[in-house]
file my_file.cif (mmCIF, C-alpha atoms and all ligand atoms)
data_data
#
loop_
_atom_site.label_atom_id
_atom_site.label_comp_id
_atom_site.auth_asym_id
_atom_site.auth_seq_id
_atom_site.Cartn_x
_atom_site.Cartn_y
_atom_site.Cartn_z
CA MET A 1 17.69 11.51 23.08
CA LYS A 2 18.92 11.17 19.51
CA THR A 3 16.54 11.18 16.55
CA ILE A 4 15.88 8.67 13.78
CA LEU A 5 14.14 9.46 10.50
CA THR A 6 13.45 6.83 7.87
CA GLY A 7 10.70 6.14 5.44
CA ASP A 8 9.29 4.39 2.43
CA ARG A 9 7.60 5.40 -0.77
CA PRO A 10 3.98 4.18 -0.90
CA THR A 11 4.42 2.76 -4.40
CA GLY A 12 3.41 -0.72 -3.20
CA SER A 13 3.37 -2.89 -0.10
CA LEU A 14 6.59 -3.56 1.74
CA HIS A 15 8.73 -6.63 1.09
CA LEU A 16 11.43 -8.80 2.66
CA GLY A 17 14.12 -6.31 1.50
CA HIS A 18 12.48 -3.53 3.49
CA TYR A 19 12.39 -5.75 6.53
CA VAL A 20 16.08 -6.67 6.61
CA GLY A 21 17.26 -3.34 5.17
CA SER A 22 15.43 -0.99 7.46
CA LEU A 23 12.23 -2.09 9.26
CA LYS A 24 14.04 -4.48 11.61
CA THR A 25 16.40 -1.73 12.80
CA ARG A 26 13.55 0.71 13.25
CA VAL A 27 11.63 -1.71 15.44
CA ALA A 28 14.75 -2.49 17.48
CA LEU A 29 15.62 1.18 18.07
CA GLN A 30 12.20 2.83 18.33
CA ARG A 31 12.36 3.13 22.13
CA GLU A 32 15.98 4.30 22.29
CA TYR A 33 15.59 7.09 19.73
CA ALA A 34 12.93 9.66 18.98
CA THR A 35 11.78 7.81 15.85
CA TYR A 36 9.94 9.34 12.89
CA VAL A 37 8.84 7.06 10.06
CA LEU A 38 7.80 8.89 6.93
CA ILE A 39 5.36 7.56 4.37
CA ALA A 40 6.77 9.51 1.42
CA ASP A 41 3.68 9.96 -0.76
CA VAL A 42 4.87 13.23 -2.31
CA GLN A 43 8.14 11.56 -3.32
CA ALA A 44 6.22 8.58 -4.71
CA LEU A 45 4.57 10.94 -7.20
CA THR A 46 7.96 11.79 -8.73
CA ASP A 47 7.75 8.59 -10.79
CA HIS A 48 4.02 7.87 -10.37
CA ALA A 49 2.52 11.21 -11.37
CA ASP A 50 -0.05 9.42 -13.51
CA GLU A 51 -1.17 7.11 -10.70
CA PRO A 52 -2.07 9.24 -7.69
CA GLU A 53 -4.80 6.80 -6.59
CA LEU A 54 -2.23 3.99 -6.42
CA VAL A 55 -0.05 6.11 -4.14
CA ARG A 56 -3.05 7.03 -1.99
CA ARG A 57 -4.07 3.38 -1.60
CA ASN A 58 -0.57 2.33 -0.66
CA VAL A 59 -0.27 4.86 2.15
CA PHE A 60 -2.72 2.62 3.99
CA GLU A 61 -0.93 -0.61 2.93
CA VAL A 62 2.46 0.65 4.09
CA ALA A 63 0.94 1.76 7.40
CA LEU A 64 -0.45 -1.76 7.86
CA ASP A 65 2.99 -3.23 7.10
CA TYR A 66 4.57 -0.97 9.74
CA LEU A 67 2.07 -1.98 12.41
CA ALA A 68 2.33 -5.66 11.45
CA VAL A 69 6.13 -5.80 11.85
CA GLY A 70 5.95 -4.10 15.24
CA ILE A 71 6.40 -0.38 14.71
CA ASP A 72 4.53 0.83 17.76
CA PRO A 73 2.74 4.18 17.37
CA SER A 74 3.17 4.82 21.09
CA ALA A 75 6.96 4.72 20.58
CA ALA A 76 7.45 5.83 16.95
CA THR A 77 5.72 8.62 15.06
CA ILE A 78 4.34 7.64 11.66
CA VAL A 79 4.11 10.73 9.44
CA VAL A 80 2.44 11.13 6.04
CA GLN A 81 4.68 13.40 3.96
CA SER A 82 1.89 15.27 2.17
CA GLY A 83 0.54 16.38 5.55
CA VAL A 84 3.76 18.31 6.20
CA PRO A 85 4.04 21.05 3.51
CA GLU A 86 7.06 22.44 5.41
CA LEU A 87 9.06 19.60 3.79
CA ALA A 88 8.26 20.96 0.32
CA GLU A 89 9.22 24.45 1.42
CA LEU A 90 12.58 23.28 2.75
CA THR A 91 13.19 21.37 -0.50
CA VAL A 92 12.83 24.61 -2.45
CA TYR A 93 15.49 26.35 -0.34
CA TYR A 94 17.85 23.37 -0.67
CA LEU A 95 17.53 23.30 -4.46
CA ASN A 96 19.68 26.43 -4.54
CA LEU A 97 22.48 24.61 -2.72
CA VAL A 98 22.98 21.77 -5.23
CA THR A 99 23.95 21.78 -8.88
CA VAL A 100 22.23 19.93 -11.70
CA ALA A 101 25.60 18.28 -12.50
CA ARG A 102 25.87 16.96 -8.93
CA LEU A 103 22.34 15.53 -9.08
CA GLY A 104 23.14 13.81 -12.36
CA ARG A 105 26.08 12.00 -10.74
CA ASN A 106 23.98 10.26 -8.06
CA PRO A 107 24.55 6.54 -8.81
CA THR A 108 21.23 5.33 -7.37
CA VAL A 109 19.23 7.89 -9.33
CA LYS A 110 21.22 6.98 -12.45
CA ASP A 111 20.39 3.25 -11.97
CA GLU A 112 16.73 3.98 -11.35
CA MET A 113 16.49 6.27 -14.38
CA GLN A 114 17.85 3.49 -16.52
CA GLN A 115 15.52 0.91 -14.98
CA LYS A 116 12.52 3.15 -15.60
CA GLY A 117 13.72 4.01 -19.12
CA PHE A 118 13.51 7.77 -18.50
CA GLY A 119 16.55 8.80 -20.55
CA ALA A 120 16.51 12.55 -21.20
CA ASP A 121 12.80 12.67 -20.40
CA VAL A 122 13.33 12.28 -16.67
CA PRO A 123 10.78 14.27 -14.67
CA ALA A 124 12.58 17.14 -12.93
CA GLY A 125 10.95 16.11 -9.66
CA PHE A 126 12.52 12.66 -9.95
CA LEU A 127 16.00 14.02 -10.61
CA VAL A 128 15.82 16.17 -7.50
CA TYR A 129 14.23 13.65 -5.17
CA PRO A 130 17.50 13.25 -3.20
CA VAL A 131 17.10 16.91 -2.28
CA SER A 132 13.60 16.31 -0.97
CA GLN A 133 15.00 13.43 1.10
CA ALA A 134 17.59 15.81 2.53
CA ALA A 135 14.68 18.06 3.52
CA ASP A 136 12.84 15.14 5.16
CA ILE A 137 15.88 14.04 7.17
CA THR A 138 16.90 17.50 8.32
CA ALA A 139 13.43 18.89 9.03
CA PHE A 140 13.28 16.32 11.82
CA LYS A 141 16.92 17.02 12.77
CA ALA A 142 17.66 13.32 12.44
CA ASP A 143 21.01 12.05 13.70
CA VAL A 144 20.62 8.52 12.37
CA VAL A 145 18.94 7.21 9.21
CA PRO A 146 18.47 3.40 9.02
CA VAL A 147 18.40 2.59 5.30
CA GLY A 148 19.29 0.03 2.68
CA GLU A 149 22.57 0.35 0.81
CA ASP A 150 20.94 2.04 -2.20
CA GLN A 151 20.26 5.06 -0.02
CA LEU A 152 23.89 5.84 0.91
CA PRO A 153 24.28 8.41 -1.89
CA MET A 154 21.20 10.21 -0.52
CA ILE A 155 22.74 10.53 2.93
CA GLU A 156 25.97 11.77 1.36
CA GLN A 157 23.99 14.40 -0.55
CA THR A 158 22.19 15.38 2.64
CA VAL A 159 25.49 15.87 4.49
CA GLU A 160 26.76 18.11 1.67
CA ILE A 161 23.61 20.24 1.82
CA VAL A 162 23.80 20.51 5.62
CA ARG A 163 27.44 21.66 5.45
CA ARG A 164 26.66 24.21 2.77
CA PHE A 165 23.59 25.51 4.59
CA ASN A 166 25.38 25.83 7.94
CA ARG A 167 28.36 27.56 6.34
CA LEU A 168 26.22 30.07 4.46
CA TYR A 169 23.49 30.76 6.98
CA GLY A 170 24.68 29.60 10.41
CA PRO A 171 24.59 26.33 12.34
CA VAL A 172 20.98 25.18 12.09
CA PHE A 173 21.44 21.48 11.23
CA VAL A 174 23.31 18.38 12.42
CA GLU A 175 25.02 16.02 9.97
CA PRO A 176 23.09 12.73 9.81
CA THR A 177 24.69 9.27 9.68
CA ALA A 178 23.36 6.31 7.70
CA LEU A 179 22.84 3.06 9.55
CA VAL A 180 23.07 0.19 7.05
CA SER A 181 22.14 -3.27 8.28
CA LYS A 182 24.11 -6.45 7.63
CA HIS A 183 21.67 -7.21 4.79
CA GLY A 184 21.76 -3.76 3.24
CA ARG A 185 20.82 -5.03 -0.20
CA LEU A 186 18.60 -8.09 -0.40
CA PRO A 187 18.54 -9.39 -4.00
CA GLY A 188 15.27 -9.95 -5.83
CA THR A 189 13.82 -13.39 -6.61
CA ASP A 190 15.34 -12.93 -10.09
CA GLY A 191 18.81 -12.83 -8.49
CA GLN A 192 19.53 -9.72 -10.53
CA SER A 193 19.17 -6.40 -8.79
CA LYS A 194 17.96 -5.52 -5.32
CA MET A 195 14.46 -6.61 -4.40
CA GLY A 196 12.25 -3.65 -5.24
CA LYS A 197 8.52 -3.19 -4.99
CA SER A 198 8.24 -1.69 -8.48
CA ILE A 199 10.39 -4.33 -10.26
CA GLY A 200 8.29 -7.51 -10.01
CA ASN A 201 10.97 -9.44 -8.08
CA ALA A 202 9.67 -9.01 -4.53
CA ILE A 203 8.19 -11.26 -1.86
CA PHE A 204 5.82 -9.00 0.05
CA LEU A 205 5.26 -9.13 3.80
CA SER A 206 1.57 -9.50 3.00
CA ASP A 207 1.91 -12.32 0.45
CA PRO A 208 -0.26 -15.35 1.31
CA THR A 209 1.42 -18.73 1.96
CA ASP A 210 0.78 -20.14 -1.52
CA VAL A 211 2.09 -17.02 -3.25
CA VAL A 212 5.30 -17.13 -1.18
CA ALA A 213 5.74 -20.82 -2.09
CA GLN A 214 5.15 -20.11 -5.76
CA LYS A 215 7.61 -17.20 -5.81
CA VAL A 216 10.29 -19.24 -4.02
CA MET A 217 9.84 -22.17 -6.40
CA GLY A 218 10.34 -19.78 -9.32
CA MET A 219 13.49 -18.23 -7.84
CA PHE A 220 16.74 -17.91 -9.70
CA THR A 221 19.43 -20.19 -8.21
CA ASP A 222 22.68 -21.36 -9.76
CA PRO A 223 22.15 -21.80 -13.52
CA GLY A 224 25.03 -24.32 -13.59
CA HIS A 225 23.32 -26.55 -11.01
CA ALA A 226 21.25 -28.66 -13.38
CA ARG A 227 20.95 -31.79 -11.25
CA ALA A 228 20.77 -32.38 -7.51
CA GLU A 229 23.93 -34.48 -7.37
CA LEU A 230 26.10 -31.77 -9.01
CA PRO A 231 27.99 -29.27 -6.87
CA GLY A 232 26.25 -25.86 -6.70
CA THR A 233 27.40 -22.28 -6.15
CA VAL A 234 26.29 -20.40 -3.04
CA GLU A 235 27.68 -16.98 -3.99
CA GLY A 236 25.17 -14.87 -5.89
CA ASN A 237 22.47 -17.46 -5.20
CA PRO A 238 19.53 -15.51 -3.76
CA VAL A 239 18.06 -18.58 -2.02
CA PHE A 240 21.09 -18.53 0.27
CA SER A 241 20.84 -14.76 0.74
CA TYR A 242 17.29 -15.22 2.01
CA LEU A 243 18.27 -18.16 4.23
CA GLU A 244 21.07 -16.07 5.74
CA ALA A 245 18.66 -13.24 6.42
CA PHE A 246 15.68 -15.21 7.76
CA GLU A 247 16.88 -18.56 9.18
CA PRO A 248 17.59 -17.82 12.85
CA ASP A 249 19.85 -20.90 13.12
CA ALA A 250 23.08 -19.74 11.42
CA GLY A 251 24.69 -23.16 11.88
CA ALA A 252 21.91 -24.79 9.87
CA VAL A 253 22.56 -22.36 6.99
CA GLU A 254 26.29 -23.18 7.05
CA ASP A 255 25.42 -26.87 6.92
CA LEU A 256 23.15 -26.34 3.89
CA LYS A 257 25.93 -24.39 2.15
CA LEU A 258 28.40 -27.24 2.70
CA ARG A 259 25.97 -29.78 1.31
CA TYR A 260 25.05 -27.59 -1.67
CA ARG A 261 28.69 -26.94 -2.58
CA ALA A 262 29.56 -30.64 -2.27
CA GLY A 263 26.66 -31.78 -4.49
CA GLY A 264 23.71 -33.88 -3.40
CA LEU A 265 21.41 -31.07 -2.26
CA GLY A 266 18.91 -30.22 -4.99
CA ASP A 267 17.33 -26.82 -5.66
CA VAL A 268 13.83 -28.11 -4.96
CA ALA A 269 14.78 -29.44 -1.51
CA LEU A 270 16.63 -26.21 -0.76
CA LYS A 271 13.66 -24.11 -1.82
CA ARG A 272 11.28 -26.20 0.29
CA ARG A 273 13.48 -25.41 3.25
CA LEU A 274 13.35 -21.69 2.43
CA ILE A 275 9.55 -21.80 2.14
CA ASP A 276 9.38 -23.19 5.71
CA VAL A 277 11.79 -20.57 7.01
CA LEU A 278 9.86 -17.72 5.38
CA GLU A 279 6.54 -19.09 6.56
CA ALA A 280 7.79 -19.15 10.17
CA PHE A 281 8.81 -15.51 9.79
CA LEU A 282 5.85 -14.21 7.78
CA GLY A 283 3.04 -16.15 9.47
CA PRO A 284 2.79 -13.96 12.60
CA ILE A 285 3.28 -10.74 10.58
CA ARG A 286 0.47 -11.75 8.22
CA ALA A 287 -1.85 -12.52 11.14
CA ARG A 288 -1.19 -9.15 12.80
CA ARG A 289 -1.69 -7.37 9.48
CA ILE A 290 -5.11 -8.95 9.02
CA GLU A 291 -6.03 -7.87 12.58
CA PHE A 292 -5.04 -4.21 11.95
CA ALA A 293 -6.77 -4.19 8.55
CA ARG A 294 -10.07 -4.92 10.31
CA ASP A 295 -10.08 -1.44 11.80
CA PRO A 296 -9.14 1.10 9.08
CA ALA A 297 -10.46 3.98 11.20
CA ALA A 298 -7.91 3.19 13.92
CA VAL A 299 -5.10 3.09 11.33
CA ALA A 300 -6.26 6.45 9.92
CA GLN A 301 -6.23 7.85 13.45
CA VAL A 302 -2.61 6.68 13.98
CA LEU A 303 -1.62 8.47 10.76
CA ARG A 304 -3.50 11.66 11.65
CA GLU A 305 -1.93 11.90 15.09
CA GLY A 306 1.56 11.02 13.86
CA THR A 307 1.37 13.52 11.02
CA ALA A 308 0.25 16.28 13.40
CA ARG A 309 3.16 15.55 15.78
CA GLY A 310 5.60 15.41 12.85
CA ARG A 311 4.30 18.64 11.40
CA ALA A 312 4.86 20.46 14.67
CA VAL A 313 8.54 19.43 14.63
CA ALA A 314 9.02 20.46 10.98
CA HIS A 315 7.22 23.75 11.61
CA GLN A 316 9.64 24.57 14.41
CA THR A 317 12.66 23.76 12.18
CA LEU A 318 11.29 25.88 9.33
CA GLY A 319 11.00 28.80 11.74
CA GLU A 320 14.76 28.53 12.34
CA VAL A 321 15.41 28.14 8.61
CA ARG A 322 13.38 31.19 7.71
CA ARG A 323 15.21 33.26 10.32
CA ALA A 324 18.58 32.03 9.00
CA LEU A 325 17.53 32.93 5.43
CA HIS A 326 16.20 36.37 6.47
CA LEU A 327 12.74 35.30 5.33
CA ASP A 328 11.06 35.89 8.68
CA GLY A 329 9.56 39.22 7.71
P1 LIG A 401 10.61 1.40 -5.39
O1 LIG A 401 10.91 0.25 -6.30
O2 LIG A 401 9.27 2.01 -5.58
O3 LIG A 401 11.73 2.42 -5.34
P2 LIG A 401 11.71 0.09 -3.09
O4 LIG A 401 11.40 -1.34 -2.95
O5 LIG A 401 13.07 0.50 -3.59
O6 LIG A 401 10.55 0.74 -3.95
P3 LIG A 401 11.73 2.30 -1.23
O7 LIG A 401 10.46 2.81 -0.66
O8 LIG A 401 12.36 3.05 -2.38
O9 LIG A 401 11.48 0.77 -1.68
O10 LIG A 401 12.83 2.11 -0.11
C1 LIG A 401 12.53 2.23 1.27
C2 LIG A 401 13.69 1.76 2.15
O11 LIG A 401 13.87 0.35 2.02
C3 LIG A 401 15.05 2.36 1.80
O12 LIG A 401 15.76 2.59 3.00
C4 LIG A 401 15.71 1.28 1.00
O13 LIG A 401 17.12 1.35 1.10
C5 LIG A 401 15.20 0.03 1.68
N1 LIG A 401 15.19 -1.09 0.74
C6 LIG A 401 14.43 -1.21 -0.36
N2 LIG A 401 14.70 -2.34 -1.01
C7 LIG A 401 15.68 -2.98 -0.30
C8 LIG A 401 16.40 -4.21 -0.47
N3 LIG A 401 16.16 -5.02 -1.50
N4 LIG A 401 17.33 -4.55 0.46
C9 LIG A 401 17.58 -3.73 1.51
N5 LIG A 401 16.93 -2.56 1.72
C10 LIG A 401 16.00 -2.17 0.83
MG MG A 402 13.51 2.63 -4.07
#

call {"tool": "encode", "arguments": {"input": "my_file.cif", "output": "structure tokens"}}
result
Amino acid sequence: MKTILTGDRPTGSLHLGHYVGSLKTRVALQREYATYVLIADVQALTDHADEPELVRRNVFEVALDYLAVGIDPSAATIVVQSGVPELAELTVYYLNLVTVARLGRNPTVKDEMQQKGFGADVPAGFLVYPVSQAADITAFKADVVPVGEDQLPMIEQTVEIVRRFNRLYGPVFVEPTALVSKHGRLPGTDGQSKMGKSIGNAIFLSDPTDVVAQKVMGMFTDPGHARAELPGTVEGNPVFSYLEAFEPDAGAVEDLKLRYRAGGLGDVALKRRLIDVLEAFLGPIRARRIEFARDPAAVAQVLREGTARGRAVAHQTLGEVRRALHLDG
């Protein structure tokens, strides 16, 4: 059986972008692959060092999101990163296999540094987080990594590290492949960048009905579409991106596009339609989330057991790594 590793940073609850980018694939594949889902709390500290309690709180929120969308702990193993110190150890070994110049060229890290306004004052841990992701992926010997498009440079970096490690020390690791879904980059409600939990442009899986409605009504559309009767542009219009991702009836979306392009379909009517579509999708997830939240002890138990199983796998891999590096005493 092949192995999947994916994960999320507990910097906030999960949103629609996570669902289409990665969660949906995980749920679909969790019985076909040995699936490990990592709640990356150590990585979250790389840009939240001053807010450890926020990260701690969100470990629980992310776990609830997983359970609510259908990640089944009897099929998939949910692992809390800080419970597996072997990942930090492997990161340290990998840091010798990458250059600072190579890290500085990572386009996703560059974008994020700009967004966060780090400039030259970027925390070293943040600059090297792609290396810690390489450690996460390879410690579990993952073959497949279901991720959003922004993570492709991380998988590329991981493959480079794997090749270098195997060449220098012997064949310990397999090269992982990224699995990017059809909606690999869901835009934010601002229509600007990707939806991100730290950017203020996200619709969260846990948002109540009225909050979803309010966020949709405030969405960016086509700035040139001032009146309902005018023709509107579908491309780059995030309302249509969301309809494409969440309206199960593809024909209905095509019909809306035709009407919008022709003129006569107003933004308010279009947004009302999206609110209904999102409500049909989010309603059951919200209900399951509330159910799981009633029993925090059971959620904590899922995390404890998953982390213990995950740690055993990473421990085994680190044994091989230490032997390959002549560090086994
Ligand atoms: P942060 O803003 O704190 O970085 P985030 O919203 O980017 O949070 P991550 O935890 O960094 O979320 O990403 C977890 C996974 O979700 C990654 O595989 C990422 O590619 C995917 N993902 C995040 N946002 C989107 C999006 N808008 N569309 C598709 N996939 C996404
Ligand atoms: Mg991110």

call {"tool": "residues_near_ligand", "arguments": {"input": "my_file.cif", "ligand": "ligand LIG 401 (chain A)", "cutoff": "7 Å", "atoms": "all atoms listed in the file", "output": "PyMOL selection string"}}
result
chain A and resi 6-12+17-18+20-22+146-151+183-188+194-199

call {"tool": "residues_near_point", "arguments": {"input": "my_file.cif", "point": "(23.8, 12.7, -9.1)", "cutoff": "12 Å", "atoms": "all atoms listed in the file", "output": "JSON list (two decimals) with C-alpha atoms, in the frame of the given file"}}
result
[["chain", "number", "residue", "atom", "x", "y", "z"],
["A", 98, "VAL", "CA", 22.98, 21.77, -5.23],
["A", 99, "THR", "CA", 23.95, 21.78, -8.88],
["A", 100, "VAL", "CA", 22.23, 19.93, -11.70],
["A", 101, "ALA", "CA", 25.60, 18.28, -12.50],
["A", 102, "ARG", "CA", 25.87, 16.96, -8.93],
["A", 103, "LEU", "CA", 22.34, 15.53, -9.08],
["A", 104, "GLY", "CA", 23.14, 13.81, -12.36],
["A", 105, "ARG", "CA", 26.08, 12.00, -10.74],
["A", 106, "ASN", "CA", 23.98, 10.26, -8.06],
["A", 107, "PRO", "CA", 24.55, 6.54, -8.81],
["A", 108, "THR", "CA", 21.23, 5.33, -7.37],
["A", 109, "VAL", "CA", 19.23, 7.89, -9.33],
["A", 110, "LYS", "CA", 21.22, 6.98, -12.45],
["A", 111, "ASP", "CA", 20.39, 3.25, -11.97],
["A", 112, "GLU", "CA", 16.73, 3.98, -11.35],
["A", 113, "MET", "CA", 16.49, 6.27, -14.38],
["A", 126, "PHE", "CA", 12.52, 12.66, -9.95],
["A", 127, "LEU", "CA", 16.00, 14.02, -10.61],
["A", 128, "VAL", "CA", 15.82, 16.17, -7.50],
["A", 129, "TYR", "CA", 14.23, 13.65, -5.17],
["A", 130, "PRO", "CA", 17.50, 13.25, -3.20],
["A", 131, "VAL", "CA", 17.10, 16.91, -2.28],
["A", 153, "PRO", "CA", 24.28, 8.41, -1.89],
["A", 154, "MET", "CA", 21.20, 10.21, -0.52],
["A", 156, "GLU", "CA", 25.97, 11.77, 1.36],
["A", 157, "GLN", "CA", 23.99, 14.40, -0.55]]

call {"tool": "closest_residue", "arguments": {"input": "my_file.cif", "among": "A:Arg57, A:His326, A:Lys2, A:Lys116", "to": "ligand MG 402 (chain A)", "atoms": "all atoms listed in the file"}}
result
A:Lys116

call {"tool": "atom_distance", "arguments": {"input": "my_file.cif", "atom1": "atom CA of A:Phe246", "atom2": "atom CA of A:Glu279"}}
result
10.0 Å

call {"tool": "residues_around", "arguments": {"input": "my_file.cif", "residues": "A:Phe140", "least_positions_apart": "6", "cutoff": "10 Å", "atoms": "only C-alpha atoms", "output": "list of chain:residue names"}}
result
A:Thr3, A:Ile4, A:Leu5, A:Ala34, A:Thr35, A:Tyr36, A:Leu87, A:Phe173, A:Gly310, A:Arg311, A:Ala312, A:Val313, A:Ala314, A:His315, A:Gln316, A:Thr317

call {"tool": "write_last_selection", "arguments": {"input": "my_file.cif", "atoms": "C-alpha atoms", "output": "mmCIF file, keeping the file's coordinate frame"}}
result
data_model
loop_
_atom_site.group_PDB
_atom_site.id
_atom_site.type_symbol
_atom_site.label_atom_id
_atom_site.label_comp_id
_atom_site.auth_asym_id
_atom_site.auth_seq_id
_atom_site.Cartn_x
_atom_site.Cartn_y
_atom_site.Cartn_z
ATOM 1 C CA THR A 3 16.540 11.180 16.550
ATOM 2 C CA ILE A 4 15.880 8.670 13.780
ATOM 3 C CA LEU A 5 14.140 9.460 10.500
ATOM 4 C CA ALA A 34 12.930 9.660 18.980
ATOM 5 C CA THR A 35 11.780 7.810 15.850
ATOM 6 C CA TYR A 36 9.940 9.340 12.890
ATOM 7 C CA LEU A 87 9.060 19.600 3.790
ATOM 8 C CA PHE A 173 21.440 21.480 11.230
ATOM 9 C CA GLY A 310 5.600 15.410 12.850
ATOM 10 C CA ARG A 311 4.300 18.640 11.400
ATOM 11 C CA ALA A 312 4.860 20.460 14.670
ATOM 12 C CA VAL A 313 8.540 19.430 14.630
ATOM 13 C CA ALA A 314 9.020 20.460 10.980
ATOM 14 C CA HIS A 315 7.220 23.750 11.610
ATOM 15 C CA GLN A 316 9.640 24.570 14.410
ATOM 16 C CA THR A 317 12.660 23.760 12.180
#

call {"tool": "closest_residue", "arguments": {"input": "my_file.cif", "among": "A:Pro231, A:Pro123, A:Pro85, A:Gly263", "to": "A:Asp50", "atoms": "all atoms listed in the file"}}
result
A:Pro123

call {"tool": "atom_distance", "arguments": {"input": "my_file.cif", "atom1": "atom CA of A:Val172", "atom2": "atom CA of A:Ile155"}}
result
17.4 Å

call {"tool": "residues_near_point", "arguments": {"input": "my_file.cif", "point": "(24.2, 6.7, 9.1)", "cutoff": "7 Å", "atoms": "only C-alpha atoms", "output": "list in words"}}
result
Val144, Val145, Pro146, Pro176, Thr177, Ala178, Leu179 and Val180 of chain A

call {"tool": "atom_distance", "arguments": {"input": "my_file.cif", "atom1": "atom CA of A:Leu64", "atom2": "atom CA of A:Lys215"}}
result
22.1 Å

call {"tool": "closest_residue", "arguments": {"input": "my_file.cif", "among": "A:Ala245, A:Ala68, A:Leu278, A:Leu258", "to": "A:Thr233", "atoms": "all atoms listed in the file"}}
result
A:Leu258

call {"tool": "closest_residue", "arguments": {"input": "my_file.cif", "among": "A:Glu61, A:Ser193, A:Val27, A:Ala120", "to": "ligand MG 402 (chain A)", "atoms": "all atoms listed in the file"}}
result
A:Ser193

call {"tool": "closest_residue", "arguments": {"input": "my_file.cif", "among": "A:Val162, A:Ala308, A:His48, A:Leu16", "to": "A:Leu282", "atoms": "only C-alpha atoms"}}
result
A:Leu16

call {"tool": "closest_residue", "arguments": {"input": "my_file.cif", "among": "A:Met219, A:Ala300, A:Ala293, A:Ala280", "to": "A:Pro248", "atoms": "only C-alpha atoms"}}
result
A:Ala280

call {"tool": "build_atoms", "arguments": {"input": "my_file.cif", "residues": "stretch 136-149 of chain A", "atoms": "N, CA and C atoms", "output": "mmCIF file, in the coordinates of the input"}}
result
data_model
loop_
_atom_site.group_PDB
_atom_site.id
_atom_site.type_symbol
_atom_site.label_atom_id
_atom_site.label_comp_id
_atom_site.auth_asym_id
_atom_site.auth_seq_id
_atom_site.Cartn_x
_atom_site.Cartn_y
_atom_site.Cartn_z
ATOM 1 N N ASP A 136 13.542 16.006 4.199
ATOM 2 C CA ASP A 136 12.840 15.140 5.160
ATOM 3 C C ASP A 136 13.722 14.845 6.372
ATOM 4 N N ILE A 137 14.964 14.457 6.086
ATOM 5 C CA ILE A 137 15.880 14.040 7.170
ATOM 6 C C ILE A 137 16.165 15.216 8.099
ATOM 7 N N THR A 138 16.453 16.380 7.495
ATOM 8 C CA THR A 138 16.900 17.500 8.320
ATOM 9 C C THR A 138 15.753 18.247 8.994
ATOM 10 N N ALA A 139 14.568 18.216 8.388
ATOM 11 C CA ALA A 139 13.430 18.890 9.030
ATOM 12 C C ALA A 139 13.167 18.282 10.400
ATOM 13 N N PHE A 140 13.466 16.992 10.528
ATOM 14 C CA PHE A 140 13.280 16.320 11.820
ATOM 15 C C PHE A 140 14.567 16.318 12.640
ATOM 16 N N LYS A 141 15.608 16.971 12.110
ATOM 17 C CA LYS A 141 16.920 17.020 12.770
ATOM 18 C C LYS A 141 17.404 15.622 13.134
ATOM 19 N N ALA A 142 17.283 14.711 12.164
ATOM 20 C CA ALA A 142 17.660 13.320 12.440
ATOM 21 C C ALA A 142 19.168 13.164 12.551
ATOM 22 N N ASP A 143 19.598 12.390 13.550
ATOM 23 C CA ASP A 143 21.010 12.050 13.700
ATOM 24 C C ASP A 143 21.327 10.777 12.931
ATOM 25 N N VAL A 144 20.371 9.848 12.921
ATOM 26 C CA VAL A 144 20.620 8.520 12.370
ATOM 27 C C VAL A 144 19.507 8.171 11.382
ATOM 28 N N VAL A 145 19.900 7.583 10.245
ATOM 29 C CA VAL A 145 18.940 7.210 9.210
ATOM 30 C C VAL A 145 19.151 5.729 8.856
ATOM 31 N N PRO A 146 18.308 4.814 9.386
ATOM 32 C CA PRO A 146 18.470 3.400 9.020
ATOM 33 C C PRO A 146 17.900 3.137 7.628
ATOM 34 N N VAL A 147 18.797 2.757 6.703
ATOM 35 C CA VAL A 147 18.400 2.590 5.300
ATOM 36 C C VAL A 147 19.107 1.412 4.664
ATOM 37 N N GLY A 148 18.596 0.991 3.522
ATOM 38 C CA GLY A 148 19.290 0.030 2.680
ATOM 39 C C GLY A 148 20.450 0.717 1.960
ATOM 40 N N GLU A 149 21.344 -0.131 1.437
ATOM 41 C CA GLU A 149 22.570 0.350 0.810
ATOM 42 C C GLU A 149 22.329 1.355 -0.316
#
